[in-house]
Amino acid sequence: MRRADLADADCGIAQALGVLGDWWTFLIVRDVAGGTTRFDALQRELGVSRRALTERLGALVEHGVLERRPYSQHPPRYDYVLTGKGEGLLPVLLALQDWGTRHVAGDGELTATAQVGSA
């Protein structure tokens, strides 16, 4: 099924999903934020096909979420790093992780607090 182009949608959520609309993309951003910046390492960590990873990395670079930085000229190789726009996704990823931990993996209750003795 082909996704609709949401670039002209009059909604920030719809526009964001036009850039980040599949789960591989979120996992790529998560791993790059965690320090996995090279294509082969991302492919190995995620288990995603090389084609799918190439497409998603290209889209993230095109949308300004990631930047390619060369680390080898022969053969040409790149690190993928978050831009300021990409770093702006970190609170979204943390909120998504919290929601998943609480409401998908957990029972919906708060699992830890800053209180002494909290999990």
# chains A, B, ... in the order shown; residues from 1 in each chain; ligands from 1
>>> residues_around(residues="stretch 31-34 of chain A", least_positions_apart="5", cutoff="9 Å", atoms="only C-alpha atoms", output="PyMOL selection string")
chain A and resi 26+42+45-46+66+80-82+86-87+90
>>> write_last_selection(atoms="N, CA and C atoms", output="compact mmCIF listing (two decimals), in the first residue's frame")
# COMPACT_ATOMS: atom_id res chain seq x y z
N PHE A 26 11.98 5.56 12.88
CA PHE A 26 12.15 5.88 14.29
C PHE A 26 13.31 5.10 14.90
N LEU A 42 24.39 0.03 11.45
CA LEU A 42 22.94 0.21 11.54
C LEU A 42 22.22 -1.00 10.96
N GLU A 45 22.62 -3.93 13.42
CA GLU A 45 21.86 -3.74 14.66
C GLU A 45 20.36 -3.89 14.44
N LEU A 46 19.86 -3.31 13.35
CA LEU A 46 18.42 -3.29 13.11
C LEU A 46 17.91 -4.54 12.40
N LEU A 66 19.06 13.92 9.33
CA LEU A 66 20.41 13.40 9.44
C LEU A 66 21.31 14.12 8.44
N TYR A 80 26.38 8.82 9.66
CA TYR A 80 25.11 9.53 9.68
C TYR A 80 24.95 10.11 11.07
N VAL A 81 24.78 11.42 11.14
CA VAL A 81 24.67 12.10 12.43
C VAL A 81 23.41 12.96 12.46
N LEU A 82 22.89 13.12 13.66
CA LEU A 82 21.71 13.96 13.82
C LEU A 82 22.06 15.42 13.56
N GLY A 86 17.17 16.84 13.73
CA GLY A 86 17.11 15.47 14.25
C GLY A 86 17.15 15.42 15.76
N GLU A 87 17.98 16.28 16.36
CA GLU A 87 18.05 16.33 17.83
C GLU A 87 16.71 16.77 18.42
N LEU A 90 14.51 13.98 19.83
CA LEU A 90 14.86 13.21 21.03
C LEU A 90 13.76 13.23 22.09
>>> closest_residue(among="A:Ser49, A:Ala95, A:Asp79, A:Gln73", to="A:Gly35", atoms="only C-alpha atoms")
A:Asp79
>>> residues_around(residues="A:Leu20", least_positions_apart="4", cutoff="10 Å", atoms="only C-alpha atoms", output="ChimeraX atom specification")
/A:14-16,24-26,29,56,59-60,63,65
>>> closest_residue(among="A:Val104, A:Trp23, A:Ile28, A:Arg38", to="A:Arg77", atoms="only C-alpha atoms")
A:Arg38
>>> select_by_dssp(residues="chain A", states="strand (DSSP E or B)", output="PyMOL selection string")
chain A and resi 38+66-72+77-82
>>> write_last_selection(atoms="C-alpha atoms", output="compact mmCIF listing (two decimals), in the first residue's frame")
# COMPACT_ATOMS: atom_id res chain seq x y z
CA ARG A 38 27.67 3.81 10.11
CA LEU A 66 20.41 13.40 9.44
CA GLU A 67 23.61 14.62 7.83
CA ARG A 68 26.15 12.46 6.00
CA ARG A 69 29.75 13.05 7.07
CA PRO A 70 32.51 11.33 5.13
CA TYR A 71 34.96 9.21 7.10
CA SER A 72 36.62 7.43 4.14
CA ARG A 77 31.93 5.88 3.38
CA TYR A 78 29.82 8.07 5.63
CA ASP A 79 28.72 8.51 9.21
CA TYR A 80 25.11 9.53 9.68
CA VAL A 81 24.67 12.10 12.43
CA LEU A 82 21.71 13.96 13.82
>>> atom_distance(atom1="atom CA of A:His103", atom2="atom CA of A:Cys11")
25.6 Å
>>> atom_distance(atom1="atom CA of A:Leu96", atom2="atom CA of A:Glu109")
15.2 Å
>>> residues_around(residues="A:Thr54", least_positions_apart="6", cutoff="10 Å", atoms="only C-alpha atoms", output="number ranges by chain")
A: 39, 43, 48, 60
